[in-house]
Structures are given as C-alpha cells and as structure tokens.
Amino acid sequence: TFELLPSDFYGFENLLTEQEKTALTNLRAYLESDVRPIVNGCWERAEFPAEVIRPLAALGAYSFSWPETRPFENSAVFRGFVALETARVDASVATFVGVQNGLACGTISATGSQEQRDEWLPRLASGEIVGAFGLTEPLSGSDAAQGLRTTATRTGDTWLLNGAKRWIGNATFSDITIIWAKDTADGMVKGFIVTTDTPGYTATRIEGKISLRSVQNADIVLENVVVPEKNRLQNANSFKDTAKVLRLTRAEVAWSAVGTSIGAYEAAVAYAKERTQFGKEIGGHQLVQDLLVKSLGNITASLGMVVRVSQMLDEGSQRDEHAALAKLYTTARMRETVAWCRELFGGNGIVLDYDVARFFADAEAVYSYEGTREMNTLIVGRSITGQAAFV
Ligand code: FAD
C-alpha cells in the first residue's frame, strides 16, 4: 500500500491516481531493497551499478513518458515523482535515468520521425540499449548554441561528423549517442543518432570527479564519423528544437533536486533521533530543530513549485522560463538543504556511511548541469524584461 513520504509535508502525492501510486510504491520498494545498499560503494569506487538498468526499465523508469512505450496514461506530476523517488536514494542513478529517459528518449520523441521513434524508443525503454546525449563541448557549455563547433557535412545519403564533446553522461558504455552538430551547408544545429561502434568515434572516461562519482561522464572525439541520413533526427532543424528537449529535462532535474534534498533530510531526521549529546537526542536541541525546519521549508516550497510546473506541462502552458526558474530555484534550495543536513551530522557528515555526505557532494554537479544557475537566471530575466542578456 502507498504511504505518503513524511517529508511530503503538504501531501502533494495525494494528487496521484491509484495506478500511479502503485507504480511509485513498486519503484520505491526496489530502490530501497536493491539500490540503496550498493550506492555508497559505487560512489567510492566511481562505478556505475549496471545491474540497475534492466530492473528500472521493468519498473517503467524510461517508458512512462512516451505514447509508444508507456504502460498506462499518466501525468507529468507522476513522472516528476518518479525522478524524485530515484534521486531520494541516489543522485547518480537519477542522473542515469535522466539521460536515458529525458535526454535520449526525450530527444528522439521530440525531434525524431515516427519511424525513428518506433525504431529506438522501445529498445531504450526496455533497457536493451543505453543512450547518451552529446551537446556540451570542451570549448562550449553555457553557449552551447553559438559556440557549437562540431560539424556535419552531407554527401549524398550520408553525413560526416567531426569534432569533440565533453561531459557526456553514460557515454563510456552507451550503445547510441545523440550528437548535436552544425550543418556546414546552412549553419543550423542538427541532431544525429550515432551508434557508438562507428569507426572514428571514441569515448574516454573523465576521472577524478568529486560529485556524481558513479555517473560515467566521457570526453568524446568524432573523426570522420559516417552517419546515414536515416539516423539524422528528421525534425531537429535548429537549436530551437534542442531547447525543446532541454525545457523538459530541466523540469525533471528540478524534481530530482527535491529528491536529493529529501534524501539528505531523511538521513538527518533519523540521525537527530539517534545521536545523543548533553544527555539527550540532538533533535531535542533548538538549533538542531532549526536546521531540520529550514530544510523542510526548502523542500516544501520546492515541491509546490515543481508540481505546478508539471501541471503546466500537461495543461500545455509550460514555457522555457517556467522550467528554468524551477531548475535554478530548487537546485539552489537543494544546495542549502544538503549543507544544513550535513552540518547536523558533525564529523559523521563527511563519511559515506551515513548517506548524507554523498547527497552533499552530488548536489554540486546537479546545481551546474542542464544549465547553470546563471544561465537559467538569464532565461527568466529575458522573459521578464524582453532583453536577452546572453547574446
Ligand atoms: P561554462 O559555460 O564554461 O561556465 C562557467 C561559468 O561561467 C558558470 O558559472 C556559468 O554560469 C558562467 N557563465 C557563462 N556564461 C555566462 C553569462 N553569459 N553570464 C553569466 N555567467 C556566465 N552535457 C551534455 O551535453 N550531455 C550530458 O550528458 C552532460 N552531463 C553532464 C554531467 C555532469 C556531471 C556535468 C558536470 C556536466 C554535464 N554536462 C552534459 C555539461 C553541462 O551541461 C555543462 O557543464 C553546463 O552547461 C555548464 O557548462 P560549462 O561546464 O562548460 O561551464
């Protein structure tokens, strides 16, 4: 039976249907029994737990959004809670899902032809293959549109891709990577489904990360990579189409940030009831209660925001600036929350055993990816003033 999370203080989960609650209960049970016990070890060893890919697929994690694959009709709020539940246990696993589901399937769903959707979505949704999304480059991150240097040159029915990508999640083991490149004929940004065994494609793991250590990020080099025209995303005609995908994934990242905050908060509540100092549980000290209450306030405000942004998606009124404000706001609140929760643990807050250290470290990457706070601020600023400060 479904139980409201105590950290869902205002009961937003009551908005879900019975079918959605059952799916979420099953996901939650799997994450607790099979994922939570292994994630600290994976983080320390900087390994991704590949054994979670198929079970998460069976629970619907990469299929709920797409008409071609979804097990039942569902709401954007429900899909947000799927991201939240995953991040509540581990931000790296949530990032894997975000890439596989949001960025890989999301791009193919939003910009592929029906034929391309039919070819790739079922295979990605079932976890048979893993997808990655290559937009960022060594020399362009925030200015991904203007600064994009990877090129695509058409000859007959094939394209030749040349360039480099950086930070690409899941790309050390992905079967396909979506590569965004500028058409040398018309200068427009186009998207290509590149199978990673194509000659000239190499992916090298980025080492030494202090955040999201389990996520496998890669530097990719493309040297005369040949892609057939049938693998060019047929409805990706300019960066505006890429931005459509990013709007949806930013809203999902905003949900994941709430999940990461909740993961840290739940660890802190448990510790506050278990650790004693000055002859009583530390949760009985006023200043410790203040840390918990401020954290719950951040979580509750953020949850209200992401729920509404998802409802706007279903209503057809969600715009780029709505997702951008949610992403920048909830990740900033997450960064405060994980720091307060870590503080509550004293010294034990910096060792992996208590979970909170992992949430604390992982929050940093989530704060910066899918558009930094500054870039999302400029998207909202443009909508308020009508002036684009970043072009
Ligand atoms: P830069 O763009 O170099 O920015 C550096 C700083 O300058 C930032 O603080 C930024 O806000 C600021 N800045 C830049 N321009 C302005 C401006 N006009 N005004 C004010 N401030 C400005 N990318 C992918 O394509 N696919 C992935 O799967 C992927 N996964 C990632 C996973 C992780 C763990 C990380 C860390 C990154 C990932 N990225 C991925 C890349 C990510 O989206 C970029 O890191 C992010 O967009 C920021 O780009 P940058 O790192 O190049 O920073």
# chains A, B, ... in the order shown; residues from 1 in each chain; ligands from 1
>>> select_by_dssp(residues="stretch 140-272 of chain A", states="helix (DSSP H, G or I)", output="JSON, numbers by chain")
{"A": [229, 230, 231, 239, 240, 241, 242, 243, 244, 245, 246, 247, 248, 249, 250, 251, 252, 253, 254, 255, 256, 257, 258, 259, 260, 261, 262, 263, 264, 265, 266, 267, 268, 269, 270, 271, 272]}
>>> write_last_selection(atoms="N, CA and C atoms", output="mmCIF file, in the first residue's frame")
data_model
loop_
_atom_site.group_PDB
_atom_site.id
_atom_site.type_symbol
_atom_site.label_atom_id
_atom_site.label_comp_id
_atom_site.auth_asym_id
_atom_site.auth_seq_id
_atom_site.Cartn_x
_atom_site.Cartn_y
_atom_site.Cartn_z
ATOM 1 N N GLU A 229 21.791 9.194 -43.460
ATOM 2 C CA GLU A 229 20.719 10.195 -43.389
ATOM 3 C C GLU A 229 19.538 9.682 -42.564
ATOM 4 N N LYS A 230 19.294 8.377 -42.586
ATOM 5 C CA LYS A 230 18.153 7.850 -41.818
ATOM 6 C C LYS A 230 18.362 8.002 -40.305
ATOM 7 N N ASN A 231 19.604 8.249 -39.867
ATOM 8 C CA ASN A 231 19.850 8.485 -38.440
ATOM 9 C C ASN A 231 19.978 9.975 -38.096
ATOM 10 N N PHE A 239 18.684 24.951 -33.247
ATOM 11 C CA PHE A 239 18.873 24.812 -31.803
ATOM 12 C C PHE A 239 17.553 24.966 -31.039
ATOM 13 N N LYS A 240 16.581 25.623 -31.651
ATOM 14 C CA LYS A 240 15.259 25.757 -31.002
ATOM 15 C C LYS A 240 14.671 24.386 -30.692
ATOM 16 N N ASP A 241 14.931 23.413 -31.563
ATOM 17 C CA ASP A 241 14.410 22.060 -31.324
ATOM 18 C C ASP A 241 15.170 21.377 -30.183
ATOM 19 N N THR A 242 16.481 21.650 -30.087
ATOM 20 C CA THR A 242 17.265 21.133 -28.955
ATOM 21 C C THR A 242 16.714 21.728 -27.658
ATOM 22 N N ALA A 243 16.421 23.025 -27.687
ATOM 23 C CA ALA A 243 15.938 23.722 -26.488
ATOM 24 C C ALA A 243 14.608 23.145 -25.997
ATOM 25 N N LYS A 244 13.795 22.623 -26.925
ATOM 26 C CA LYS A 244 12.518 21.998 -26.522
ATOM 27 C C LYS A 244 12.774 20.815 -25.603
ATOM 28 N N VAL A 245 13.810 20.033 -25.950
ATOM 29 C CA VAL A 245 14.160 18.872 -25.127
ATOM 30 C C VAL A 245 14.661 19.362 -23.767
ATOM 31 N N LEU A 246 15.512 20.408 -23.780
ATOM 32 C CA LEU A 246 16.118 20.888 -22.538
ATOM 33 C C LEU A 246 15.077 21.467 -21.581
ATOM 34 N N ARG A 247 14.007 22.030 -22.130
ATOM 35 C CA ARG A 247 12.943 22.530 -21.241
ATOM 36 C C ARG A 247 12.367 21.383 -20.414
ATOM 37 N N LEU A 248 12.113 20.260 -21.087
ATOM 38 C CA LEU A 248 11.507 19.116 -20.390
ATOM 39 C C LEU A 248 12.476 18.504 -19.383
ATOM 40 N N THR A 249 13.754 18.391 -19.785
ATOM 41 C CA THR A 249 14.694 17.736 -18.872
ATOM 42 C C THR A 249 15.044 18.654 -17.699
ATOM 43 N N ARG A 250 15.037 19.960 -17.908
ATOM 44 C CA ARG A 250 15.298 20.880 -16.795
ATOM 45 C C ARG A 250 14.236 20.751 -15.720
ATOM 46 N N ALA A 251 13.007 20.593 -16.145
ATOM 47 C CA ALA A 251 11.934 20.422 -15.161
ATOM 48 C C ALA A 251 12.141 19.118 -14.381
ATOM 49 N N GLU A 252 12.617 18.082 -15.061
ATOM 50 C CA GLU A 252 12.887 16.807 -14.371
ATOM 51 C C GLU A 252 14.053 16.954 -13.395
ATOM 52 N N VAL A 253 15.073 17.716 -13.790
ATOM 53 C CA VAL A 253 16.204 17.934 -12.881
ATOM 54 C C VAL A 253 15.731 18.696 -11.642
ATOM 55 N N ALA A 254 14.801 19.633 -11.836
ATOM 56 C CA ALA A 254 14.247 20.360 -10.682
ATOM 57 C C ALA A 254 13.591 19.384 -9.703
ATOM 58 N N TRP A 255 12.872 18.392 -10.238
ATOM 59 C CA TRP A 255 12.272 17.356 -9.380
ATOM 60 C C TRP A 255 13.362 16.534 -8.685
ATOM 61 N N SER A 256 14.406 16.161 -9.431
ATOM 62 C CA SER A 256 15.489 15.368 -8.837
ATOM 63 C C SER A 256 16.158 16.135 -7.699
ATOM 64 N N ALA A 257 16.273 17.450 -7.862
ATOM 65 C CA ALA A 257 16.897 18.258 -6.805
ATOM 66 C C ALA A 257 16.069 18.174 -5.520
ATOM 67 N N VAL A 258 14.746 18.130 -5.664
ATOM 68 C CA VAL A 258 13.908 17.982 -4.470
ATOM 69 C C VAL A 258 14.160 16.589 -3.863
ATOM 70 N N GLY A 259 14.308 15.582 -4.717
ATOM 71 C CA GLY A 259 14.577 14.224 -4.232
ATOM 72 C C GLY A 259 15.885 14.146 -3.467
ATOM 73 N N THR A 260 16.920 14.788 -3.990
ATOM 74 C CA THR A 260 18.224 14.788 -3.319
ATOM 75 C C THR A 260 18.122 15.502 -1.967
ATOM 76 N N SER A 261 17.386 16.609 -1.939
ATOM 77 C CA SER A 261 17.172 17.324 -0.667
ATOM 78 C C SER A 261 16.463 16.417 0.331
ATOM 79 N N ILE A 262 15.450 15.694 -0.142
ATOM 80 C CA ILE A 262 14.694 14.810 0.753
ATOM 81 C C ILE A 262 15.590 13.671 1.256
ATOM 82 N N GLY A 263 16.431 13.131 0.378
ATOM 83 C CA GLY A 263 17.341 12.063 0.805
ATOM 84 C C GLY A 263 18.220 12.523 1.961
ATOM 85 N N ALA A 264 18.775 13.729 1.832
ATOM 86 C CA ALA A 264 19.639 14.261 2.893
ATOM 87 C C ALA A 264 18.832 14.566 4.157
ATOM 88 N N TYR A 265 17.643 15.105 3.964
ATOM 89 C CA TYR A 265 16.781 15.480 5.099
ATOM 90 C C TYR A 265 16.350 14.243 5.885
ATOM 91 N N GLU A 266 15.956 13.188 5.178
ATOM 92 C CA GLU A 266 15.532 11.968 5.882
ATOM 93 C C GLU A 266 16.683 11.370 6.694
ATOM 94 N N ALA A 267 17.881 11.406 6.111
ATOM 95 C CA ALA A 267 19.052 10.909 6.853
ATOM 96 C C ALA A 267 19.254 11.757 8.113
ATOM 97 N N ALA A 268 19.060 13.067 7.964
ATOM 98 C CA ALA A 268 19.274 13.977 9.103
ATOM 99 C C ALA A 268 18.227 13.765 10.196
ATOM 100 N N VAL A 269 16.978 13.552 9.812
ATOM 101 C CA VAL A 269 15.918 13.318 10.808
ATOM 102 C C VAL A 269 16.244 12.052 11.611
ATOM 103 N N ALA A 270 16.660 10.997 10.885
ATOM 104 C CA ALA A 270 16.971 9.742 11.581
ATOM 105 C C ALA A 270 18.135 9.950 12.554
ATOM 106 N N TYR A 271 19.148 10.671 12.111
ATOM 107 C CA TYR A 271 20.330 10.878 12.954
ATOM 108 C C TYR A 271 19.991 11.737 14.175
ATOM 109 N N ALA A 272 19.110 12.726 13.958
ATOM 110 C CA ALA A 272 18.723 13.612 15.065
ATOM 111 C C ALA A 272 18.023 12.832 16.178
#
>>> closest_atom_pairs(of="chain A", to="ligand 1", cutoff="8 Å", atoms="only C-alpha atoms and all ligand atoms", output="tab-separated table")
residue	atom	partner	partner_atom_place_in_ligand_line	distance
A:Thr95	CA	ligand 1	32 (C)	8.0
A:Val99	CA	ligand 1	28 (O)	6.2
A:Leu103	CA	ligand 1	28 (O)	7.8
A:Ala132	CA	ligand 1	28 (O)	6.3
A:Phe133	CA	ligand 1	26 (N)	4.9
A:Gly134	CA	ligand 1	25 (O)	4.2
A:Leu135	CA	ligand 1	25 (O)	3.5
A:Thr136	CA	ligand 1	25 (O)	3.9
A:Glu137	CA	ligand 1	52 (O)	7.2
A:Pro138	CA	ligand 1	52 (O)	7.0
A:Leu139	CA	ligand 1	52 (O)	6.9
A:Ser140	CA	ligand 1	52 (O)	5.3
A:Gly141	CA	ligand 1	52 (O)	3.1
A:Ser142	CA	ligand 1	2 (O)	3.6
A:Asp143	CA	ligand 1	2 (O)	6.2
A:Ala144	CA	ligand 1	47 (O)	7.7
A:Lys165	CA	ligand 1	25 (O)	7.4
A:Arg166	CA	ligand 1	23 (N)	6.7
A:Trp167	CA	ligand 1	38 (C)	4.7
A:Ile168	CA	ligand 1	28 (O)	3.9
A:Gly169	CA	ligand 1	28 (O)	3.8
A:Asn170	CA	ligand 1	28 (O)	7.1
A:Ala171	CA	ligand 1	28 (O)	7.8
A:Ser211	CA	ligand 1	34 (C)	7.1
A:Leu212	CA	ligand 1	34 (C)	6.0
A:Val215	CA	ligand 1	34 (C)	7.0
A:Asn217	CA	ligand 1	32 (C)	6.3
A:Ala365	CA	ligand 1	36 (C)	4.9
A:Val366	CA	ligand 1	34 (C)	7.0
A:Ser368	CA	ligand 1	46 (C)	5.7
A:Tyr369	CA	ligand 1	43 (O)	4.0
A:Glu370	CA	ligand 1	43 (O)	4.4
A:Gly371	CA	ligand 1	47 (O)	4.4
A:Thr372	CA	ligand 1	11 (O)	4.7
A:Arg373	CA	ligand 1	11 (O)	6.1
A:Glu374	CA	ligand 1	11 (O)	4.4
A:Met375	CA	ligand 1	11 (O)	5.6
A:Leu378	CA	ligand 1	19 (N)	7.4
A:Ala389	CA	ligand 1	18 (N)	7.1
A:Phe390	CA	ligand 1	18 (N)	4.7
A:Val391	CA	ligand 1	18 (N)	7.7
>>> residues_around(residues="A:Asn237", least_positions_apart="4", cutoff="7 Å", atoms="only C-alpha atoms", output="MDAnalysis selection string")
chainID A and resid 188:190 241
>>> write_last_selection(atoms="N, CA and C atoms", output="mmCIF file, in the first residue's frame")
data_model
loop_
_atom_site.group_PDB
_atom_site.id
_atom_site.type_symbol
_atom_site.label_atom_id
_atom_site.label_comp_id
_atom_site.auth_asym_id
_atom_site.auth_seq_id
_atom_site.Cartn_x
_atom_site.Cartn_y
_atom_site.Cartn_z
ATOM 1 N N MET A 188 22.946 25.427 -39.482
ATOM 2 C CA MET A 188 21.946 25.122 -38.454
ATOM 3 C C MET A 188 22.404 23.922 -37.611
ATOM 4 N N VAL A 189 21.968 23.907 -36.317
ATOM 5 C CA VAL A 189 22.297 22.796 -35.426
ATOM 6 C C VAL A 189 21.355 21.628 -35.726
ATOM 7 N N LYS A 190 21.923 20.470 -35.997
ATOM 8 C CA LYS A 190 21.129 19.271 -36.284
ATOM 9 C C LYS A 190 21.532 18.145 -35.339
ATOM 10 N N ASP A 241 14.931 23.413 -31.563
ATOM 11 C CA ASP A 241 14.410 22.060 -31.324
ATOM 12 C C ASP A 241 15.170 21.377 -30.183
#
>>> closest_residue(among="A:Ala185, A:Val130, A:Leu291, A:Ala218", to="A:Thr172", atoms="only C-alpha atoms")
A:Ala218
>>> residues_around(residues="A:Arg123", least_positions_apart="4", cutoff="12 Å", atoms="only C-alpha atoms", output="VMD selection string")
chain A and resid 54 57 62 to 63 68 to 69 100 to 101 104 to 105 108 116 to 119 127 to 131 175 to 176
>>> closest_residue(among="A:Ala339, A:Leu59, A:Ile282, A:Val226", to="A:Thr22", atoms="only C-alpha atoms")
A:Leu59
>>> residues_around(residues="A:His285", least_positions_apart="4", cutoff="12 Å", atoms="only C-alpha atoms", output="mmCIF file with N, CA and C atoms, in the first residue's frame")
data_model
loop_
_atom_site.group_PDB
_atom_site.id
_atom_site.type_symbol
_atom_site.label_atom_id
_atom_site.label_comp_id
_atom_site.auth_asym_id
_atom_site.auth_seq_id
_atom_site.Cartn_x
_atom_site.Cartn_y
_atom_site.Cartn_z
ATOM 1 N N ALA A 272 19.110 12.726 13.958
ATOM 2 C CA ALA A 272 18.723 13.612 15.065
ATOM 3 C C ALA A 272 18.023 12.832 16.178
ATOM 4 N N LYS A 273 17.402 11.698 15.814
ATOM 5 C CA LYS A 273 16.689 10.887 16.809
ATOM 6 C C LYS A 273 17.579 9.816 17.436
ATOM 7 N N ARG A 275 21.362 10.128 17.681
ATOM 8 C CA ARG A 275 22.589 10.628 18.300
ATOM 9 C C ARG A 275 22.243 11.413 19.567
ATOM 10 N N THR A 276 22.944 11.126 20.652
ATOM 11 C CA THR A 276 22.706 11.930 21.857
ATOM 12 C C THR A 276 23.953 12.731 22.213
ATOM 13 N N GLN A 277 23.731 13.952 22.682
ATOM 14 C CA GLN A 277 24.773 14.828 23.217
ATOM 15 C C GLN A 277 24.138 15.643 24.345
ATOM 16 N N PHE A 278 24.918 15.946 25.369
ATOM 17 C CA PHE A 278 24.413 16.662 26.550
ATOM 18 C C PHE A 278 23.203 15.944 27.147
ATOM 19 N N GLY A 279 23.268 14.604 27.113
ATOM 20 C CA GLY A 279 22.255 13.811 27.800
ATOM 21 C C GLY A 279 20.924 13.693 27.100
ATOM 22 N N LYS A 280 20.809 14.168 25.858
ATOM 23 C CA LYS A 280 19.539 13.959 25.133
ATOM 24 C C LYS A 280 19.788 13.861 23.636
ATOM 25 N N GLU A 281 18.775 13.348 22.940
ATOM 26 C CA GLU A 281 18.884 13.267 21.475
ATOM 27 C C GLU A 281 19.201 14.655 20.940
ATOM 28 N N GLN A 289 16.827 21.532 15.676
ATOM 29 C CA GLN A 289 15.464 21.599 15.113
ATOM 30 C C GLN A 289 15.394 22.691 14.040
ATOM 31 N N ASP A 290 16.121 23.771 14.263
ATOM 32 C CA ASP A 290 16.123 24.861 13.270
ATOM 33 C C ASP A 290 16.667 24.367 11.923
ATOM 34 N N LEU A 291 17.744 23.557 11.968
ATOM 35 C CA LEU A 291 18.294 23.008 10.709
ATOM 36 C C LEU A 291 17.240 22.155 9.998
ATOM 37 N N LEU A 292 16.529 21.338 10.777
ATOM 38 C CA LEU A 292 15.524 20.448 10.169
ATOM 39 C C LEU A 292 14.350 21.242 9.608
ATOM 40 N N LEU A 344 24.341 18.875 10.451
ATOM 41 C CA LEU A 344 23.674 18.221 11.596
ATOM 42 C C LEU A 344 24.420 16.960 12.047
#
>>> atom_distance(atom1="atom CA of A:Asn40", atom2="atom CA of A:Val288")
25.5 Å
>>> residues_around(residues="A:Trp66", least_positions_apart="5", cutoff="10 Å", atoms="only C-alpha atoms", output="ChimeraX atom specification")
/A:71,73,101,105-106,109-110,117,121-122,125
>>> select_by_dssp(residues="stretch 109-341 of chain A", states="strand (DSSP E)", output="VMD selection string")
chain A and resid 131 to 134 151 to 155 158 to 169 176 to 183 189 to 195 201 to 205 217 to 228 276 to 277 280 to 281
>>> residues_around(residues="A:Val77", least_positions_apart="6", cutoff="8 Å", atoms="only C-alpha atoms", output="MDAnalysis selection string")
chainID A and resid 16 307 310:311
>>> atom_distance(atom1="atom CA of A:Phe48", atom2="atom CA of A:Ser214")
4.7 Å
>>> atom_distance(atom1="atom CA of A:Ala91", atom2="atom CA of A:Ile38")
13.1 Å
>>> closest_residue(among="A:Leu313, A:Val35, A:Val338, A:Val351", to="A:Val89", atoms="only C-alpha atoms")
A:Val35
